[in-house]
Amino acid sequence: METQLRQEHIEAWLDDHADFAFDYFTRKATQTMVNTWLADRVIRIAGSDRNLPSTERLSSKTDSDPIKRPSSVSSDSPGRKTPIRKISHEEINPGHLPLKPMVSTNEMGSPSFYTPENVASPSLTRRITVPNRQTNKHMKNFKTRRISHYHQVQKADLELDNDHVNADDDPPVIDERDMIMDLVIDIASDLDVTSVSHRILQNVSILLDADRCSLFLMRERDGEKFLVSRLFNVSKESTLEDNVVVKNEIKMKLGQGIAGMVALTGTALNIPDAYKDSRFNQSVDKKTGYRTRSILCMPIRDGDKRIVGVAQVINKIEGAFTNKDEKIFASYLGFCGVAIHNAQIFEKIQLENRRNEILLDLARVLFEEQSSLHTVMDTILTHTISLLCCERASVLLANPSQPENVFEHTFEHVDESTLISGINLSKEASERRKVPFNIAITSFVRQTGQIVNIENAANDKRFEFLEDAQLGFTTRSLLCIPIRDSMRQVIGVIQLINKHHRVGPCFTKSDEQILEAFTIFCGLGISNTRMYEETARLAAKQHVILEVLSYHAVASPYETSLLTLNDIPSAKSLGILTYDFDDSRLDDHDTLRAAVRMFIDLNLVEKFRINHEVLCRWVASVKRNYRPVSYHNWRHAFNVCQSCFCMIKTGGLDSIFSDYEKLSLLVSCLSHDLDHRGTNNAFQAKIEHPLARLYSTSTMEHHHYNQCLMLLQSEGCEILSHLTSSEYAHVIKLVQHAILSTDLAIYFKKRNEFFNVVKSGAADWLENDGHRELLRSLVITGCDIAGITRPWNVQKEIAQLVAEEFFEQGDIEKSKLHQEPPDMMNRKLKHKLPKMQIGFIDSICLPLYEALNDVSTKLQPMLDGCLENRRHWEEESLKAERGGTAL
């Protein structure tokens, strides 16, 4: 009992000291207390003293608003407490539905959504309410009961004020602000434009006790604003399924009709008798048989006070709309504008996300399907019709060399559903599937690059639709957009015809934006596909050319039979086992037989199971693919191969190199100058030959290797066919390395490393792969320049052939390039040949053969031959200096 008395005294004292109570609450209140108060504020029904008139009761309730800090308590009513009756959860929330979040505004002016649990939290999560038929039904029933009760209370208040009934009858009072707050909560979390608009009109219909409501939204196109009908004839009991949504939007200019006038002026109109107002259009009543009596029409504004739509209520159930109705209507629409604006923003975001997803999916499809232009175009048109909901679509691709009204390729596609639905069934099936190309429109778009969007073809004065009559087709709406490539050049147009009735009468600005974005991917896809097809055609041509070249490159059956039917002489009888070999003793046929003998004597034919006929055909084909230039011809290749064979058989390299390395070295020696043109790498770069574009370094060596690979893969020349895949790859890699090593530029890069390995005494030619690679590089270079080691009479002839080929290149540089050639290629300086040969021996040959001699002393004859020839060149140089004739 003492505790109870103490609490009552404290409460009474707090009532008398409101300032202290306010300060204490603001300092001590917890988030839970605030949330509890807010939740109670939303659902309570305030009562007041029955002796006060209704206006004073409203004033008393306003004064109790905690937002306004009280300065003192009225002296004539100390300790007065306003009795509050809490209604049940079932009454406020029938069906035990979850409470909807409250709406507020953040620092940026954007709406934020709060629930009782997180109202004081700075980090909030938006809850999006998806319209639900059952939820809407419960909420509508609750709103109807709640607001009907409100109207009854208002009516009872008037009767009490007018009749002064007994004070014992104390009807409950409902605060208008609480009522509006309930309706605001109802729409706050709904982010579907149609659904929230329907909720708004239904709430307005209940709140104002009106028969019907309609909504018009503001739109803007090409800088012109207008209204479009969104919802019609919404009543207290109507649902979205009751066809209140306007399927075909009706445009209304600002200033046209009552709604248009409100949108233009931003001023509300309250018309007690519609038929006496000249702005009212009676045609709708005549069509529907409905009688419009009173109208209340108001603008809907967003948070920035911009008009986003117009709401219109028709026919108050009893009498006309009052000033109080206007105030209530205006108060509620102030919140509704924000809700509609938020829903529109959300709708745009959803649309943009959908666009992005579709465009990304289309881009993936387009760039996956590049096998043919027809396949890509079919993909484009199929997705376009589905994406933009039109009946027919076509793409016309242009050729810059053709007139503007002539298109190179045309593609068309028809939505099959339009045929099934009965469109143009009077025509033959082939005619029904045709799409009018409208050349006047497509040519205009191609020429100007502008977008043509025709909303109503029947009323369009710019273009005539002549093909419609021929095809038995009617064009209602049309959208035509240019297709551009990556250089922004118009390569064609895409044309869409007849927007589906179920989505709208014409193509919208949004359709233009989607299609314009889509055409960017289309342009890239078309360009890539054209490039792919062109590449495929070039590849096919190349394949045909390679077949022809391969046929002519491979030795004829007669050339092959000369080798296969005759015995192959021994190496000794051919003289190929000595370093002083002179190829002039052999004719061309003997050189072929000697080449085959080298493979046989190194046991490569047996080891790698090389077919004898295949080997003969390959050797003859290699000879066939050397050009008849002065020096770098078949004879040079044969001599290089003979030097390599001799170094392996008699020079001590047989025990160092593996069978794979021996095979690769012989193949490389015979092939290392295939298709040589008698000019060096620098010359190819000077004349900008295609070979120089293909290979920036070691130009001719790369070409020789590719020719070698082509012959090894030619039919009937596959001497490596019995190798496994790994063995084949290994041998090819060795061949490539060897042929590229014949470039003296690479020799200069590697020789110091080789010399250092040799001089260090730490060389491991058997186990160290890096040392073996260096050795192979220097061995094939030694074979390539082995002419300097031949007997003097052979060396002198070789030097003259080399000089002649150099001079021929110099003559070309003078006559065609108008450049002074290097000294070694200048025919005017041929008397300096002995001195240049001495320089060649000293800088390149002697260091190499000295190092090879250190690898194997059995290679001494090559060093001796080089030194002997140097002595002869010194003698020739002295003769030239004394005025004699060299050589």
# chains A, B, ... in the order shown; residues from 1 in each chain; ligands from 1
$ residues_around --residues "A:Gln450" --least-positions-apart "2" --cutoff "12 Å" --atoms "only C-alpha atoms" --output "JSON, numbers by chain"
{"A": [441, 442, 443, 444, 445, 446, 447, 448, 452, 453, 479, 480, 481, 482, 483, 484, 490, 493, 512, 516]}
$ residues_around --residues "stretch 719-728 of chain A" --least-positions-apart "6" --cutoff "12 Å" --atoms "only C-alpha atoms" --output "PyMOL selection string"
chain A and resi 596+599+604-619+659-661+663-664+667+708-709+711-713+734-735
$ select_by_dssp --residues "stretch 467-705 of chain A" --states "strand (DSSP E or B)" --output "JSON, numbers by chain"
{"A": [478, 479, 480, 481, 482, 483, 484, 490, 491, 492, 493, 494, 495, 496, 497, 498, 499]}
$ residues_around --residues "A:Arg219" --least-positions-apart "4" --cutoff "12 Å" --atoms "only C-alpha atoms" --output "PyMOL selection string"
chain A and resi 223-230+249-254+263+307-310+344+508-509
$ residues_around --residues "A:Cys390" --least-positions-apart "3" --cutoff "10 Å" --atoms "only C-alpha atoms" --output "PyMOL selection string"
chain A and resi 384-387+393+414-415+418+477-479+496-501+503+506-507
$ write_last_selection --atoms "N, CA and C atoms" --output "compact mmCIF listing (two decimals), in the first residue's frame"
# COMPACT_ATOMS: atom_id res chain seq x y z
N THR A 384 15.11 -9.17 -79.70
CA THR A 384 14.52 -7.84 -79.79
C THR A 384 13.01 -7.90 -79.69
N ILE A 385 12.39 -8.82 -80.43
CA ILE A 385 10.94 -8.96 -80.39
C ILE A 385 10.47 -9.32 -78.99
N SER A 386 11.21 -10.22 -78.33
CA SER A 386 10.84 -10.62 -76.98
C SER A 386 11.06 -9.48 -75.99
N LEU A 387 12.16 -8.75 -76.15
CA LEU A 387 12.51 -7.69 -75.21
C LEU A 387 11.56 -6.51 -75.27
N ALA A 393 10.06 -7.42 -86.68
CA ALA A 393 11.34 -6.70 -86.62
C ALA A 393 12.17 -7.06 -87.83
N VAL A 414 9.25 -12.48 -87.45
CA VAL A 414 7.86 -12.23 -87.10
C VAL A 414 7.53 -13.00 -85.83
N ASP A 415 6.86 -12.34 -84.90
CA ASP A 415 6.41 -13.01 -83.68
C ASP A 415 5.30 -14.00 -84.06
N THR A 418 1.55 -13.55 -83.09
CA THR A 418 0.67 -12.64 -83.83
C THR A 418 0.00 -13.36 -84.99
N SER A 477 2.37 1.32 -85.22
CA SER A 477 3.47 2.07 -84.62
C SER A 477 4.78 1.52 -85.15
N LEU A 478 5.81 2.35 -85.11
CA LEU A 478 7.09 1.96 -85.71
C LEU A 478 8.24 2.64 -84.96
N LEU A 479 9.32 1.91 -84.78
CA LEU A 479 10.53 2.44 -84.18
C LEU A 479 11.72 1.99 -85.02
N LEU A 496 11.46 -1.86 -85.75
CA LEU A 496 10.44 -2.60 -85.02
C LEU A 496 9.07 -2.07 -85.43
N ILE A 497 8.12 -2.98 -85.62
CA ILE A 497 6.79 -2.59 -86.11
C ILE A 497 5.74 -3.14 -85.16
N ASN A 498 4.82 -2.26 -84.77
CA ASN A 498 3.62 -2.60 -84.00
C ASN A 498 3.92 -3.12 -82.60
N LYS A 499 3.86 -2.20 -81.66
CA LYS A 499 3.94 -2.57 -80.24
C LYS A 499 2.72 -3.42 -79.89
N HIS A 500 2.93 -4.46 -79.09
CA HIS A 500 1.80 -5.32 -78.70
C HIS A 500 0.74 -4.53 -77.94
N HIS A 501 -0.53 -4.85 -78.21
CA HIS A 501 -1.63 -4.14 -77.55
C HIS A 501 -1.58 -4.32 -76.04
N VAL A 503 0.80 -4.27 -73.99
CA VAL A 503 1.77 -3.46 -73.24
C VAL A 503 1.68 -1.98 -73.56
N CYS A 506 2.11 2.26 -78.39
CA CYS A 506 3.25 2.68 -79.21
C CYS A 506 4.55 2.46 -78.44
N PHE A 507 5.64 2.66 -79.14
CA PHE A 507 6.96 2.52 -78.53
C PHE A 507 7.28 3.77 -77.71
$ atom_distance --atom1 "atom CA of A:Leu666" --atom2 "atom CA of A:Asp601"
11.8 Å
$ residues_around --residues "stretch 435-438 of chain A" --least-positions-apart "4" --cutoff "7 Å" --atoms "only C-alpha atoms" --output "ChimeraX atom specification"
/A:392,394,412,442,465,467-468
$ write_last_selection --atoms "all heavy atoms" --output "JSON list (two decimals), in the first residue's frame"
[["chain", "number", "residue", "atom", "x", "y", "z"],
["A", 392, "ARG", "N", 6.77, -7.41, -85.27],
["A", 392, "ARG", "CA", 7.70, -7.72, -86.34],
["A", 392, "ARG", "C", 8.95, -6.87, -86.21],
["A", 392, "ARG", "O", 8.90, -5.75, -85.68],
["A", 392, "ARG", "CB", 7.06, -7.51, -87.71],
["A", 392, "ARG", "CG", 5.74, -8.24, -87.84],
["A", 392, "ARG", "CD", 5.20, -8.31, -89.23],
["A", 392, "ARG", "NE", 3.97, -9.10, -89.24],
["A", 392, "ARG", "CZ", 3.43, -9.65, -90.31],
["A", 392, "ARG", "NH1", 4.01, -9.50, -91.48],
["A", 392, "ARG", "NH2", 2.32, -10.35, -90.22],
["A", 394, "SER", "N", 13.00, -6.11, -88.22],
["A", 394, "SER", "CA", 13.89, -6.35, -89.37],
["A", 394, "SER", "C", 15.19, -5.58, -89.17],
["A", 394, "SER", "O", 15.22, -4.56, -88.48],
["A", 394, "SER", "CB", 13.22, -5.92, -90.69],
["A", 394, "SER", "OG", 12.93, -4.53, -90.66],
["A", 412, "GLU", "N", 14.68, -10.48, -91.40],
["A", 412, "GLU", "CA", 13.38, -10.18, -90.82],
["A", 412, "GLU", "C", 12.94, -11.31, -89.90],
["A", 412, "GLU", "O", 13.37, -12.46, -90.03],
["A", 412, "GLU", "CB", 12.34, -9.95, -91.93],
["A", 412, "GLU", "CG", 12.26, -11.08, -92.94],
["A", 412, "GLU", "CD", 11.39, -10.71, -94.13],
["A", 412, "GLU", "OE1", 10.29, -10.21, -93.89],
["A", 412, "GLU", "OE2", 11.80, -10.96, -95.27],
["A", 442, "THR", "N", 13.81, 3.72, -93.48],
["A", 442, "THR", "CA", 15.13, 3.13, -93.19],
["A", 442, "THR", "C", 16.25, 3.90, -93.89],
["A", 442, "THR", "O", 17.33, 4.05, -93.33],
["A", 442, "THR", "CB", 15.14, 1.65, -93.61],
["A", 442, "THR", "OG1", 14.69, 1.53, -94.97],
["A", 442, "THR", "CG2", 14.22, 0.84, -92.72],
["A", 465, "PHE", "N", 3.21, 4.38, -96.02],
["A", 465, "PHE", "CA", 3.42, 2.96, -95.78],
["A", 465, "PHE", "C", 2.82, 2.17, -96.95],
["A", 465, "PHE", "O", 1.76, 1.57, -96.85],
["A", 465, "PHE", "CB", 2.80, 2.55, -94.45],
["A", 465, "PHE", "CG", 3.41, 3.28, -93.27],
["A", 465, "PHE", "CD1", 2.90, 4.51, -92.86],
["A", 465, "PHE", "CD2", 4.51, 2.76, -92.62],
["A", 465, "PHE", "CE1", 3.46, 5.18, -91.79],
["A", 465, "PHE", "CE2", 5.09, 3.43, -91.55],
["A", 465, "PHE", "CZ", 4.57, 4.64, -91.14],
["A", 467, "GLU", "N", 3.96, -0.48, -98.53],
["A", 467, "GLU", "CA", 4.07, -1.95, -98.54],
["A", 467, "GLU", "C", 2.95, -2.61, -97.77],
["A", 467, "GLU", "O", 2.73, -3.82, -97.91],
["A", 467, "GLU", "CB", 5.42, -2.37, -97.96],
["A", 467, "GLU", "CG", 6.62, -1.89, -98.76],
["A", 467, "GLU", "CD", 7.94, -2.28, -98.11],
["A", 467, "GLU", "OE1", 8.13, -3.48, -97.83],
["A", 467, "GLU", "OE2", 8.77, -1.38, -97.86],
["A", 468, "ASP", "N", 2.25, -1.86, -96.93],
["A", 468, "ASP", "CA", 1.17, -2.46, -96.13],
["A", 468, "ASP", "C", 0.10, -3.07, -97.02],
["A", 468, "ASP", "O", -0.38, -4.19, -96.79],
["A", 468, "ASP", "CB", 0.54, -1.41, -95.22],
["A", 468, "ASP", "CG", 1.43, -1.11, -94.02],
["A", 468, "ASP", "OD1", 2.58, -1.59, -94.01],
["A", 468, "ASP", "OD2", 0.98, -0.41, -93.09]]
$ atom_distance --atom1 "atom CA of A:Val395" --atom2 "atom CA of A:Ile494"
4.5 Å
$ residues_around --residues "stretch 870-881 of chain A" --least-positions-apart "6" --cutoff "9 Å" --atoms "only C-alpha atoms" --output "PyMOL selection string"
chain A and resi 788+792+831-835+837-838+841-842+887
$ write_last_selection --atoms "all heavy atoms" --output "short mmCIF file (atom, residue, chain, number, x, y, z; two decimals), in the first residue's frame"
data_model
loop_
_atom_site.label_atom_id
_atom_site.label_comp_id
_atom_site.auth_asym_id
_atom_site.auth_seq_id
_atom_site.Cartn_x
_atom_site.Cartn_y
_atom_site.Cartn_z
N ILE A 788 84.60 -21.70 -95.41
CA ILE A 788 85.87 -21.03 -95.15
C ILE A 788 86.97 -22.02 -94.79
O ILE A 788 88.15 -21.69 -94.79
CB ILE A 788 85.70 -19.99 -94.02
CG1 ILE A 788 86.78 -18.91 -94.10
CG2 ILE A 788 85.67 -20.64 -92.66
CD1 ILE A 788 86.64 -18.00 -95.27
N TRP A 792 91.57 -24.36 -100.77
CA TRP A 792 91.62 -23.01 -101.32
C TRP A 792 90.82 -22.87 -102.61
O TRP A 792 90.09 -21.91 -102.80
CB TRP A 792 93.06 -22.56 -101.51
CG TRP A 792 93.18 -21.28 -102.29
CD1 TRP A 792 93.77 -21.09 -103.51
CD2 TRP A 792 92.70 -19.98 -101.89
NE1 TRP A 792 93.68 -19.79 -103.92
CE2 TRP A 792 93.02 -19.08 -102.92
CE3 TRP A 792 92.03 -19.52 -100.76
CZ2 TRP A 792 92.71 -17.73 -102.87
CZ3 TRP A 792 91.71 -18.18 -100.71
CH2 TRP A 792 92.05 -17.27 -101.75
N HIS A 831 87.27 -5.01 -105.24
CA HIS A 831 88.69 -5.21 -105.04
C HIS A 831 89.06 -5.33 -103.56
O HIS A 831 90.17 -5.76 -103.23
CB HIS A 831 89.48 -4.05 -105.68
CG HIS A 831 89.14 -2.71 -105.09
ND1 HIS A 831 88.02 -1.99 -105.45
CD2 HIS A 831 89.79 -1.96 -104.14
CE1 HIS A 831 87.98 -0.85 -104.77
NE2 HIS A 831 89.05 -0.81 -103.96
N LYS A 832 88.16 -4.92 -102.71
CA LYS A 832 88.41 -5.03 -101.27
C LYS A 832 87.94 -6.37 -100.70
O LYS A 832 88.00 -6.58 -99.49
CB LYS A 832 87.71 -3.90 -100.51
CG LYS A 832 88.26 -2.52 -100.80
CD LYS A 832 87.57 -1.48 -99.92
CE LYS A 832 88.17 -0.09 -100.15
NZ LYS A 832 87.53 0.93 -99.27
N LEU A 833 87.49 -7.27 -101.56
CA LEU A 833 86.97 -8.55 -101.10
C LEU A 833 87.99 -9.34 -100.26
O LEU A 833 87.62 -9.85 -99.19
CB LEU A 833 86.49 -9.38 -102.29
CG LEU A 833 85.97 -10.78 -101.95
CD1 LEU A 833 84.77 -10.70 -101.01
CD2 LEU A 833 85.60 -11.55 -103.23
N PRO A 834 89.27 -9.45 -100.67
CA PRO A 834 90.23 -10.20 -99.84
C PRO A 834 90.35 -9.63 -98.42
O PRO A 834 90.38 -10.38 -97.45
CB PRO A 834 91.54 -10.07 -100.62
CG PRO A 834 91.12 -9.86 -102.03
CD PRO A 834 89.89 -9.03 -101.95
N LYS A 835 90.39 -8.31 -98.35
CA LYS A 835 90.54 -7.71 -97.03
C LYS A 835 89.27 -7.95 -96.19
O LYS A 835 89.35 -8.19 -94.97
CB LYS A 835 90.77 -6.21 -97.20
CG LYS A 835 91.23 -5.51 -95.93
CD LYS A 835 91.66 -4.09 -96.21
CE LYS A 835 92.21 -3.43 -94.96
NZ LYS A 835 92.66 -2.04 -95.23
N GLN A 837 87.31 -10.51 -96.47
CA GLN A 837 87.33 -11.93 -96.09
C GLN A 837 88.23 -12.16 -94.88
O GLN A 837 87.90 -12.94 -94.00
CB GLN A 837 87.82 -12.78 -97.26
CG GLN A 837 86.80 -13.01 -98.35
CD GLN A 837 85.65 -13.87 -97.87
OE1 GLN A 837 84.59 -13.36 -97.52
NE2 GLN A 837 85.86 -15.17 -97.85
N ILE A 838 89.38 -11.46 -94.85
CA ILE A 838 90.27 -11.58 -93.68
C ILE A 838 89.55 -11.09 -92.42
O ILE A 838 89.63 -11.71 -91.36
CB ILE A 838 91.58 -10.78 -93.93
CG1 ILE A 838 92.38 -11.41 -95.07
CG2 ILE A 838 92.42 -10.72 -92.66
CD1 ILE A 838 93.58 -10.59 -95.50
N ILE A 841 87.10 -13.73 -91.32
CA ILE A 841 87.76 -14.87 -90.67
C ILE A 841 88.19 -14.50 -89.25
O ILE A 841 87.98 -15.27 -88.30
CB ILE A 841 88.97 -15.32 -91.51
CG1 ILE A 841 88.50 -15.93 -92.84
CG2 ILE A 841 89.83 -16.32 -90.73
CD1 ILE A 841 89.62 -16.24 -93.81
N ASP A 842 88.77 -13.33 -89.10
CA ASP A 842 89.30 -12.95 -87.78
C ASP A 842 88.18 -12.70 -86.76
O ASP A 842 88.34 -13.03 -85.58
CB ASP A 842 90.17 -11.69 -87.92
CG ASP A 842 91.47 -11.96 -88.64
OD1 ASP A 842 91.85 -13.15 -88.75
OD2 ASP A 842 92.10 -10.99 -89.12
N LEU A 887 91.87 -12.44 -107.02
CA LEU A 887 91.16 -13.60 -107.54
C LEU A 887 91.36 -13.74 -109.04
O LEU A 887 90.43 -13.92 -109.79
CB LEU A 887 89.67 -13.54 -107.19
CG LEU A 887 89.34 -13.49 -105.69
CD1 LEU A 887 87.86 -13.43 -105.48
CD2 LEU A 887 89.93 -14.68 -104.94
#
$ select_by_dssp --residues "stretch 706-802 of chain A" --states "helix (DSSP H, G or I)" --output "VMD selection string"
chain A and resid 706 to 712 725 to 740 744 to 760 769 to 784 786 to 789 792 to 802
$ residues_around --residues "A:Tyr626" --least-positions-apart "5" --cutoff "8 Å" --atoms "only C-alpha atoms" --output "short mmCIF file (atom, residue, chain, number, x, y, z; two decimals) with N, CA and C atoms, in the first residue's frame"
data_model
loop_
_atom_site.label_atom_id
_atom_site.label_comp_id
_atom_site.auth_asym_id
_atom_site.auth_seq_id
_atom_site.Cartn_x
_atom_site.Cartn_y
_atom_site.Cartn_z
N ASN A 633 71.52 -21.69 -102.11
CA ASN A 633 70.72 -22.62 -102.89
C ASN A 633 70.88 -24.04 -102.34
N TRP A 634 70.42 -25.00 -103.12
CA TRP A 634 70.49 -26.39 -102.65
C TRP A 634 71.92 -26.84 -102.41
N ASP A 673 68.00 -22.90 -95.13
CA ASP A 673 67.86 -21.76 -96.03
C ASP A 673 66.76 -21.97 -97.07
N LEU A 674 65.75 -22.75 -96.73
CA LEU A 674 64.65 -23.02 -97.66
C LEU A 674 64.02 -21.72 -98.14
N ASP A 675 63.79 -21.63 -99.44
CA ASP A 675 63.14 -20.47 -100.07
C ASP A 675 63.90 -19.17 -99.82
N HIS A 676 65.23 -19.26 -99.77
CA HIS A 676 66.04 -18.05 -99.61
C HIS A 676 65.94 -17.23 -100.89
#
$ atom_distance --atom1 "atom CA of A:Leu602" --atom2 "atom CA of A:Phe645"
8.2 Å
